[in-house]
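> The structure is given below, and queries will be raised subsequently.
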Amino acid sequence: MHDLILTLSCQDRQGIVAMVGGFLADRGFSIRDSQQFGDEDTGLFFMRVHAAPDPDRTFDFDALRDEFGASVGDVLDAAWEVHDPTRKHRMLIMVSRQGHCLNDLLHRVRTGSMPAEVVAVVSNHDDFRQLVEWHGIPFHHVPVTADTKGWAEAELRKLVTSYDADSVILARYMQILSNELCEDLAGRAINIHHSLLPSFKGARPYFQAHARGVKVIGATAHYVTGDLDEGPIIEQDFTRVDHMSSAADLTAIGRDLEALALARAVTAHAEHRVLMNGTRTVVFR
């Protein structure tokens, strides 16, 4: 038998932790780790529990989900999920012509430092086919023009379905997704933005930062929404810079920050540590 991870969010009220803990205890589970947060601003309560079953008892995931929904989830009117932590997260990566984030994710997955598997890579250019196929991962070239954008998104939908992808990771994929596709992938698509949002949006942010003489640069990993670069932020990283740094220096430093921020965000998402809180996120550590 293996462990489970339970996530839950609902309106805050007394007794939520006792209700969840009692449900698990009654079915022979011991709690290995529990984190919770009550947001005074929204009045919502968030919880993530990692629990281990009694080795002498058996349980069925589907039956457990049904029981939890009926006895806890419905009572609390909660958004909740029960996850199998032994199942690797299946991610489909999208990339254009900057491969630093792609290469970092491929390396982390290959070395086992990220609890996920890359089921496919999709790109609007053919540049990284050799790299991806060297890793033994299917590569799909889906070119995008103004005339073929609808077709390209239809192809992406087919690939997400055929590979049973849990998430879509935009690892410097330089195309804007349609509102419809963003809605379909809500909470499942993660983008890396090359600045500390909400500052310096648009093209060449490091050159904008250099022109403004910034003392800190960074990168932002966020969920994709129809509002460009406005999705809930999952992770950010930054470093101090000074007047000695050229725009090229900032770009090189920024690429490292992008790869690190994206990897942390994807890992947190894959480990079910990210819960939506309106336009924000709760990220348990």
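Every chain in the structure tokens has a letter given in the order shown (A, B, ...), and although residue numbers restart at 1 in each chain, ligands are simply numbered from 1 in the order shown.
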Could I get the residues of stretch 37-107 of chain A with an atom no further than 12 Å from an atom of stretch 21-26 of chain A, each paired with its nearest atom pair and that distance in Å to one decimal, using only C-alpha atoms, sorted by chain and residue number, as a tab-separated table?

```
residue	atom	partner	partner_atom	distance
A:Met47	CA	A:Gly21	CA	11.2
A:Arg48	CA	A:Gly21	CA	11.3
A:Val49	CA	A:Gly21	CA	8.9
A:His50	CA	A:Leu24	CA	10.4
A:Ala51	CA	A:Leu24	CA	7.9
A:Ala52	CA	A:Leu24	CA	9.3
A:Pro53	CA	A:Leu24	CA	8.7
A:Asp54	CA	A:Ala25	CA	9.6
A:Arg57	CA	A:Asp26	CA	11.5
A:Phe59	CA	A:Leu24	CA	11.3
A:Leu64	CA	A:Leu24	CA	9.7
A:Arg65	CA	A:Phe23	CA	11.4
A:Glu67	CA	A:Phe23	CA	9.1
A:Phe68	CA	A:Phe23	CA	7.5
A:Gly69	CA	A:Phe23	CA	10.9
A:Ala70	CA	A:Phe23	CA	11.2
A:Ser71	CA	A:Phe23	CA	8.2
A:Val72	CA	A:Phe23	CA	7.9
A:Gly73	CA	A:Phe23	CA	11.0
A:Val82	CA	A:Leu24	CA	11.7
```
> Could you save those same residues with C-alpha atoms as an mmCIF file, in the first residue's frame?

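This went into selection_36.cif:
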```
data_model
loop_
_atom_site.group_PDB
_atom_site.id
_atom_site.type_symbol
_atom_site.label_atom_id
_atom_site.label_comp_id
_atom_site.auth_asym_id
_atom_site.auth_seq_id
_atom_site.Cartn_x
_atom_site.Cartn_y
_atom_site.Cartn_z
ATOM 1 C CA MET A 47 -5.081 22.441 3.444
ATOM 2 C CA ARG A 48 -2.663 19.810 2.138
ATOM 3 C CA VAL A 49 -2.289 16.482 3.929
ATOM 4 C CA HIS A 50 0.182 13.681 3.228
ATOM 5 C CA ALA A 51 -1.086 10.492 4.860
ATOM 6 C CA ALA A 52 0.104 6.867 5.045
ATOM 7 C CA PRO A 53 -2.236 3.876 5.383
ATOM 8 C CA ASP A 54 -2.094 1.197 8.042
ATOM 9 C CA ARG A 57 -5.536 -2.480 5.955
ATOM 10 C CA PHE A 59 -8.134 0.828 0.577
ATOM 11 C CA LEU A 64 -11.997 6.666 -0.787
ATOM 12 C CA ARG A 65 -12.647 9.641 -3.048
ATOM 13 C CA GLU A 67 -16.456 8.567 0.700
ATOM 14 C CA PHE A 68 -14.508 11.774 1.247
ATOM 15 C CA GLY A 69 -16.738 13.692 -1.112
ATOM 16 C CA ALA A 70 -19.897 12.529 0.614
ATOM 17 C CA SER A 71 -18.761 12.854 4.231
ATOM 18 C CA VAL A 72 -16.389 15.853 4.088
ATOM 19 C CA GLY A 73 -16.166 17.585 0.715
ATOM 20 C CA VAL A 82 -7.091 13.006 -3.511
#
```
> Near A:Val266, within 9 Å and counting only C-alpha atoms, which residues show up once chain neighbours fewer than 6 positions away are dropped, as number ranges by chain?
A: 114, 116, 169, 190, 221, 234
> For the residues in the current selection, export N, CA, C and O atoms as a CSV table (one decimal), in the first residue's frame.

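Okay, this is what ended up in selection-v3.csv:
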```csv
chain,number,residue,atom,x,y,z
A,114,MET,N,13.1,15.8,-10.3
A,114,MET,CA,11.8,16.3,-10.4
A,114,MET,C,10.7,15.2,-10.5
A,114,MET,O,10.9,14.3,-11.3
A,116,ALA,N,8.3,14.1,-12.1
A,116,ALA,CA,7.5,14.2,-13.3
A,116,ALA,C,8.1,13.5,-14.5
A,116,ALA,O,9.3,13.0,-14.4
A,169,ILE,N,3.6,23.0,-20.0
A,169,ILE,CA,4.6,23.9,-19.5
A,169,ILE,C,5.2,24.8,-20.7
A,169,ILE,O,5.8,24.2,-21.6
A,190,ILE,N,1.5,26.4,-17.2
A,190,ILE,CA,2.4,27.2,-16.5
A,190,ILE,C,3.4,27.9,-17.5
A,190,ILE,O,3.9,27.2,-18.3
A,221,ALA,N,7.2,32.6,-12.6
A,221,ALA,CA,6.4,31.5,-13.1
A,221,ALA,C,5.0,31.6,-12.7
A,221,ALA,O,4.7,31.8,-11.5
A,234,ILE,N,3.1,31.6,-9.2
A,234,ILE,CA,3.5,30.4,-8.4
A,234,ILE,C,4.8,30.6,-7.7
A,234,ILE,O,5.0,30.3,-6.6
```
> Among stretch 71-214 of chain A, which ones does DSSP place in helix (DSSP H, G or I), written as a PyMOL selection string?
chain A and resi 71-76+100-110+129-134+149-162+179-184+205-211
> Write the selection just made, keeping N, CA and C atoms, as a short mmCIF file (atom, residue, chain, number, x, y, z; two decimals), in the first residue's frame?

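Saved result, result.cif, follows:
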```
data_model
loop_
_atom_site.label_atom_id
_atom_site.label_comp_id
_atom_site.auth_asym_id
_atom_site.auth_seq_id
_atom_site.Cartn_x
_atom_site.Cartn_y
_atom_site.Cartn_z
N SER A 71 -18.78 12.61 2.79
CA SER A 71 -18.76 12.85 4.23
C SER A 71 -18.02 14.13 4.64
N VAL A 72 -17.15 14.65 3.75
CA VAL A 72 -16.39 15.85 4.09
C VAL A 72 -16.52 16.93 3.01
N GLY A 73 -16.18 16.59 1.78
CA GLY A 73 -16.17 17.58 0.71
C GLY A 73 -17.50 18.28 0.52
N ASP A 74 -18.59 17.50 0.45
CA ASP A 74 -19.91 18.10 0.24
C ASP A 74 -20.36 18.91 1.46
N VAL A 75 -20.03 18.42 2.64
CA VAL A 75 -20.42 19.12 3.86
C VAL A 75 -19.76 20.50 3.93
N LEU A 76 -18.50 20.57 3.51
CA LEU A 76 -17.75 21.82 3.56
C LEU A 76 -17.93 22.65 2.29
N HIS A 100 17.00 27.24 -22.81
CA HIS A 100 17.59 27.05 -21.48
C HIS A 100 16.61 26.43 -20.49
N CYS A 101 15.35 26.84 -20.52
CA CYS A 101 14.37 26.25 -19.60
C CYS A 101 14.03 24.82 -20.00
N LEU A 102 13.89 24.57 -21.29
CA LEU A 102 13.65 23.21 -21.77
C LEU A 102 14.77 22.28 -21.34
N ASN A 103 16.01 22.69 -21.58
CA ASN A 103 17.15 21.84 -21.24
C ASN A 103 17.21 21.57 -19.75
N ASP A 104 16.89 22.57 -18.94
CA ASP A 104 16.91 22.40 -17.49
C ASP A 104 15.85 21.39 -17.04
N LEU A 105 14.65 21.49 -17.59
CA LEU A 105 13.59 20.55 -17.23
C LEU A 105 13.93 19.14 -17.67
N LEU A 106 14.46 18.99 -18.88
CA LEU A 106 14.84 17.66 -19.36
C LEU A 106 15.89 17.04 -18.46
N HIS A 107 16.86 17.84 -18.03
CA HIS A 107 17.93 17.33 -17.16
C HIS A 107 17.36 16.92 -15.81
N ARG A 108 16.49 17.74 -15.24
CA ARG A 108 15.93 17.42 -13.92
C ARG A 108 15.09 16.15 -13.97
N VAL A 109 14.32 16.00 -15.02
CA VAL A 109 13.51 14.79 -15.15
C VAL A 109 14.39 13.57 -15.36
N ARG A 110 15.39 13.70 -16.21
CA ARG A 110 16.28 12.57 -16.51
C ARG A 110 17.05 12.11 -15.28
N ARG A 129 14.72 19.56 -31.93
CA ARG A 129 14.31 18.18 -32.21
C ARG A 129 15.40 17.18 -31.79
N GLN A 130 16.63 17.43 -32.18
CA GLN A 130 17.72 16.49 -31.89
C GLN A 130 17.92 16.34 -30.38
N LEU A 131 17.89 17.45 -29.65
CA LEU A 131 18.06 17.39 -28.20
C LEU A 131 16.95 16.57 -27.56
N VAL A 132 15.72 16.85 -27.94
CA VAL A 132 14.58 16.17 -27.32
C VAL A 132 14.58 14.68 -27.66
N GLU A 133 14.82 14.36 -28.91
CA GLU A 133 14.81 12.95 -29.31
C GLU A 133 15.98 12.20 -28.73
N TRP A 134 17.10 12.88 -28.44
CA TRP A 134 18.22 12.23 -27.73
C TRP A 134 17.76 11.76 -26.36
N LYS A 149 -2.89 29.68 -36.86
CA LYS A 149 -2.97 29.65 -35.40
C LYS A 149 -4.09 28.73 -34.91
N GLY A 150 -5.25 28.81 -35.54
CA GLY A 150 -6.36 27.95 -35.13
C GLY A 150 -6.02 26.48 -35.30
N TRP A 151 -5.42 26.14 -36.44
CA TRP A 151 -5.01 24.75 -36.69
C TRP A 151 -3.97 24.32 -35.67
N ALA A 152 -3.01 25.19 -35.36
CA ALA A 152 -1.95 24.84 -34.42
C ALA A 152 -2.51 24.54 -33.04
N GLU A 153 -3.47 25.34 -32.59
CA GLU A 153 -4.05 25.10 -31.28
C GLU A 153 -4.88 23.82 -31.27
N ALA A 154 -5.53 23.52 -32.40
CA ALA A 154 -6.27 22.26 -32.50
C ALA A 154 -5.31 21.08 -32.40
N GLU A 155 -4.14 21.20 -33.03
CA GLU A 155 -3.13 20.14 -32.94
C GLU A 155 -2.64 19.99 -31.50
N LEU A 156 -2.44 21.11 -30.83
CA LEU A 156 -2.00 21.04 -29.44
C LEU A 156 -3.03 20.34 -28.57
N ARG A 157 -4.30 20.66 -28.77
CA ARG A 157 -5.35 19.99 -28.01
C ARG A 157 -5.30 18.48 -28.21
N LYS A 158 -5.10 18.07 -29.45
CA LYS A 158 -5.02 16.64 -29.75
C LYS A 158 -3.85 15.99 -29.03
N LEU A 159 -2.71 16.68 -29.02
CA LEU A 159 -1.52 16.13 -28.37
C LEU A 159 -1.70 16.05 -26.86
N VAL A 160 -2.27 17.07 -26.25
CA VAL A 160 -2.52 17.04 -24.81
C VAL A 160 -3.40 15.85 -24.45
N THR A 161 -4.41 15.60 -25.28
CA THR A 161 -5.31 14.47 -25.03
C THR A 161 -4.64 13.14 -25.29
N SER A 162 -3.94 13.03 -26.42
CA SER A 162 -3.36 11.74 -26.78
C SER A 162 -2.25 11.32 -25.83
N ASN A 179 -7.84 32.85 -25.83
CA ASN A 179 -8.60 32.84 -24.59
C ASN A 179 -9.27 31.49 -24.37
N GLU A 180 -9.78 30.90 -25.45
CA GLU A 180 -10.46 29.61 -25.33
C GLU A 180 -9.51 28.52 -24.85
N LEU A 181 -8.31 28.49 -25.40
CA LEU A 181 -7.34 27.48 -24.98
C LEU A 181 -6.89 27.73 -23.55
N CYS A 182 -6.72 28.99 -23.19
CA CYS A 182 -6.34 29.32 -21.81
C CYS A 182 -7.40 28.82 -20.83
N GLU A 183 -8.66 28.99 -21.19
CA GLU A 183 -9.75 28.52 -20.32
C GLU A 183 -9.74 27.01 -20.21
N ASP A 184 -9.50 26.33 -21.33
CA ASP A 184 -9.47 24.86 -21.32
C ASP A 184 -8.32 24.33 -20.46
N PRO A 205 12.62 42.65 -21.91
CA PRO A 205 12.48 43.21 -20.56
C PRO A 205 13.80 43.53 -19.89
N TYR A 206 14.84 42.73 -20.19
CA TYR A 206 16.13 43.01 -19.55
C TYR A 206 16.74 44.30 -20.08
N PHE A 207 16.46 44.64 -21.32
CA PHE A 207 16.92 45.91 -21.86
C PHE A 207 16.13 47.07 -21.24
N GLN A 208 14.82 46.83 -21.00
CA GLN A 208 14.04 47.83 -20.29
C GLN A 208 14.59 48.03 -18.88
N ALA A 209 14.92 46.92 -18.23
CA ALA A 209 15.45 46.99 -16.87
C ALA A 209 16.79 47.72 -16.84
N HIS A 210 17.61 47.43 -17.84
CA HIS A 210 18.93 48.07 -17.91
C HIS A 210 18.78 49.58 -18.12
N ALA A 211 17.84 49.94 -18.98
CA ALA A 211 17.62 51.36 -19.26
C ALA A 211 17.13 52.10 -18.03
#
```
> Determine, counting only C-alpha atoms, which protein, DNA and RNA residues have an atom within 10 Å of an atom of A:Met94; residues of the same chain fewer than 6 positions away are not included. Present the result as a list in words.
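Non-adjacent residues within range: Leu102, Ala120, Val121, Val122, Ser123, Asn124, Phe139, His140, Leu156, Val168, Ile169, Leu170, Ala171, Arg172, Tyr173, Met174, Gln175 and Asn191 of chain A.
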> If you keep N, CA and C atoms, can you produce a file of those selected residues as a PDB file, in the first residue's frame?

```pdb
ATOM      1  N   LEU A 102      13.889  24.572 -21.288  1.00  0.00           N
ATOM      2  CA  LEU A 102      13.652  23.211 -21.768  1.00  0.00           C
ATOM      3  C   LEU A 102      14.773  22.281 -21.336  1.00  0.00           C
ATOM      4  N   ALA A 120       5.973  14.698 -24.034  1.00  0.00           N
ATOM      5  CA  ALA A 120       6.216  15.196 -25.392  1.00  0.00           C
ATOM      6  C   ALA A 120       6.691  16.641 -25.316  1.00  0.00           C
ATOM      7  N   VAL A 121       7.351  17.068 -26.373  1.00  0.00           N
ATOM      8  CA  VAL A 121       7.742  18.472 -26.530  1.00  0.00           C
ATOM      9  C   VAL A 121       7.160  18.977 -27.840  1.00  0.00           C
ATOM     10  N   VAL A 122       6.530  20.137 -27.780  1.00  0.00           N
ATOM     11  CA  VAL A 122       5.911  20.757 -28.949  1.00  0.00           C
ATOM     12  C   VAL A 122       6.589  22.101 -29.183  1.00  0.00           C
ATOM     13  N   SER A 123       6.923  22.379 -30.432  1.00  0.00           N
ATOM     14  CA  SER A 123       7.584  23.641 -30.740  1.00  0.00           C
ATOM     15  C   SER A 123       7.102  24.180 -32.074  1.00  0.00           C
ATOM     16  N   ASN A 124       7.072  25.503 -32.172  1.00  0.00           N
ATOM     17  CA  ASN A 124       6.763  26.140 -33.449  1.00  0.00           C
ATOM     18  C   ASN A 124       7.998  26.273 -34.328  1.00  0.00           C
ATOM     19  N   PHE A 139       9.020  14.524 -30.236  1.00  0.00           N
ATOM     20  CA  PHE A 139       9.089  15.944 -30.566  1.00  0.00           C
ATOM     21  C   PHE A 139       8.097  16.226 -31.686  1.00  0.00           C
ATOM     22  N   HIS A 140       7.285  17.277 -31.521  1.00  0.00           N
ATOM     23  CA  HIS A 140       6.283  17.633 -32.523  1.00  0.00           C
ATOM     24  C   HIS A 140       6.505  19.072 -32.973  1.00  0.00           C
ATOM     25  N   LEU A 156      -2.437  21.106 -30.826  1.00  0.00           N
ATOM     26  CA  LEU A 156      -1.996  21.044 -29.436  1.00  0.00           C
ATOM     27  C   LEU A 156      -3.034  20.337 -28.574  1.00  0.00           C
ATOM     28  N   VAL A 168       0.675  21.597 -19.132  1.00  0.00           N
ATOM     29  CA  VAL A 168       1.385  22.122 -20.300  1.00  0.00           C
ATOM     30  C   VAL A 168       2.328  23.204 -19.782  1.00  0.00           C
ATOM     31  N   ILE A 169       3.623  23.028 -20.048  1.00  0.00           N
ATOM     32  CA  ILE A 169       4.633  23.945 -19.538  1.00  0.00           C
ATOM     33  C   ILE A 169       5.172  24.782 -20.687  1.00  0.00           C
ATOM     34  N   LEU A 170       4.968  26.081 -20.599  1.00  0.00           N
ATOM     35  CA  LEU A 170       5.469  26.990 -21.626  1.00  0.00           C
ATOM     36  C   LEU A 170       6.872  27.440 -21.227  1.00  0.00           C
ATOM     37  N   ALA A 171       7.858  26.707 -21.737  1.00  0.00           N
ATOM     38  CA  ALA A 171       9.263  26.933 -21.384  1.00  0.00           C
ATOM     39  C   ALA A 171       9.882  27.877 -22.420  1.00  0.00           C
ATOM     40  N   ARG A 172       9.469  29.133 -22.366  1.00  0.00           N
ATOM     41  CA  ARG A 172       9.838  30.163 -23.336  1.00  0.00           C
ATOM     42  C   ARG A 172       9.216  29.857 -24.695  1.00  0.00           C
ATOM     43  N   TYR A 173       7.944  29.538 -24.684  1.00  0.00           N
ATOM     44  CA  TYR A 173       7.151  29.384 -25.902  1.00  0.00           C
ATOM     45  C   TYR A 173       6.610  30.763 -26.257  1.00  0.00           C
ATOM     46  N   MET A 174       7.067  31.299 -27.368  1.00  0.00           N
ATOM     47  CA  MET A 174       6.828  32.704 -27.679  1.00  0.00           C
ATOM     48  C   MET A 174       5.624  32.899 -28.600  1.00  0.00           C
ATOM     49  N   GLN A 175       4.507  32.278 -28.212  1.00  0.00           N
ATOM     50  CA  GLN A 175       3.241  32.486 -28.895  1.00  0.00           C
ATOM     51  C   GLN A 175       2.167  32.708 -27.839  1.00  0.00           C
ATOM     52  N   ASN A 191       3.536  29.193 -17.298  1.00  0.00           N
ATOM     53  CA  ASN A 191       4.421  29.972 -18.154  1.00  0.00           C
ATOM     54  C   ASN A 191       5.552  30.573 -17.327  1.00  0.00           C
TER      55      ASN A 191
END
```
> Just the residues within 8 Å of A:His89, please, counting only C-alpha atoms, with nothing from its chain fewer than 2 positions along; format it as a PyMOL selection string.
chain A and resi 87+91+115-117+166+270
> I need the chosen residues saved as a PDB file, in the first residue's frame, with N, CA, C and O atoms.

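File result_38.pdb, as written:
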```pdb
ATOM      1  N   ARG A  87       2.306   8.248  -8.564  1.00  0.00           N
ATOM      2  CA  ARG A  87       2.084   8.469  -9.990  1.00  0.00           C
ATOM      3  C   ARG A  87       2.857   9.707 -10.425  1.00  0.00           C
ATOM      4  O   ARG A  87       2.666  10.791  -9.896  1.00  0.00           O
ATOM      5  N   MET A  91       3.911  15.883 -18.001  1.00  0.00           N
ATOM      6  CA  MET A  91       3.904  17.244 -18.542  1.00  0.00           C
ATOM      7  C   MET A  91       4.315  17.271 -20.013  1.00  0.00           C
ATOM      8  O   MET A  91       5.207  16.541 -20.449  1.00  0.00           O
ATOM      9  N   PRO A 115       9.678  15.218  -9.741  1.00  0.00           N
ATOM     10  CA  PRO A 115       8.716  14.108  -9.732  1.00  0.00           C
ATOM     11  C   PRO A 115       7.755  14.161 -10.913  1.00  0.00           C
ATOM     12  O   PRO A 115       6.541  14.298 -10.758  1.00  0.00           O
ATOM     13  N   ALA A 116       8.297  14.062 -12.114  1.00  0.00           N
ATOM     14  CA  ALA A 116       7.484  14.218 -13.315  1.00  0.00           C
ATOM     15  C   ALA A 116       8.136  13.477 -14.470  1.00  0.00           C
ATOM     16  O   ALA A 116       9.288  13.044 -14.384  1.00  0.00           O
ATOM     17  N   GLU A 117       7.391  13.339 -15.539  1.00  0.00           N
ATOM     18  CA  GLU A 117       7.934  12.821 -16.785  1.00  0.00           C
ATOM     19  C   GLU A 117       7.479  13.723 -17.921  1.00  0.00           C
ATOM     20  O   GLU A 117       6.384  14.288 -17.880  1.00  0.00           O
ATOM     21  N   ASP A 166      -0.933  15.956 -17.877  1.00  0.00           N
ATOM     22  CA  ASP A 166      -1.520  16.617 -16.718  1.00  0.00           C
ATOM     23  C   ASP A 166      -1.340  18.129 -16.791  1.00  0.00           C
ATOM     24  O   ASP A 166      -2.160  18.880 -16.256  1.00  0.00           O
ATOM     25  N   ALA A 270       3.532  19.728  -9.517  1.00  0.00           N
ATOM     26  CA  ALA A 270       3.533  18.268  -9.638  1.00  0.00           C
ATOM     27  C   ALA A 270       3.339  17.585  -8.296  1.00  0.00           C
ATOM     28  O   ALA A 270       2.795  16.475  -8.228  1.00  0.00           O
TER      29      ALA A 270
END
```
> Which one is closest to A:Gln35: A:Ala261, A:Ala165, A:Met19, A:Leu8? Count only C-alpha atoms.
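The answer is A:Leu8, which sits nearest to A:Gln35.
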> Quick one: DSSP strand (DSSP E) residues in stretch 52-105 of chain A, as a PyMOL selection string?
chain A and resi 52-53+79-83+89-95
> Based on the selection just made, write C-alpha atoms of those residues as a PDB file, in the first residue's frame.

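New file out_13.pdb:
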```
ATOM      1  CA  ALA A  52       0.104   6.867   5.045  1.00  0.00           C
ATOM      2  CA  PRO A  53      -2.236   3.876   5.383  1.00  0.00           C
ATOM      3  CA  ALA A  79     -12.814  22.109  -3.763  1.00  0.00           C
ATOM      4  CA  TRP A  80     -10.729  19.003  -3.046  1.00  0.00           C
ATOM      5  CA  GLU A  81      -8.644  16.275  -4.636  1.00  0.00           C
ATOM      6  CA  VAL A  82      -7.091  13.006  -3.511  1.00  0.00           C
ATOM      7  CA  HIS A  83      -3.807  12.197  -5.268  1.00  0.00           C
ATOM      8  CA  HIS A  89       3.150  13.967 -13.149  1.00  0.00           C
ATOM      9  CA  ARG A  90       2.844  13.970 -16.952  1.00  0.00           C
ATOM     10  CA  MET A  91       3.904  17.244 -18.542  1.00  0.00           C
ATOM     11  CA  LEU A  92       3.942  18.395 -22.141  1.00  0.00           C
ATOM     12  CA  ILE A  93       6.553  21.103 -22.744  1.00  0.00           C
ATOM     13  CA  MET A  94       6.234  23.871 -25.327  1.00  0.00           C
ATOM     14  CA  VAL A  95       9.251  25.856 -26.515  1.00  0.00           C
TER      15      VAL A  95
END
```
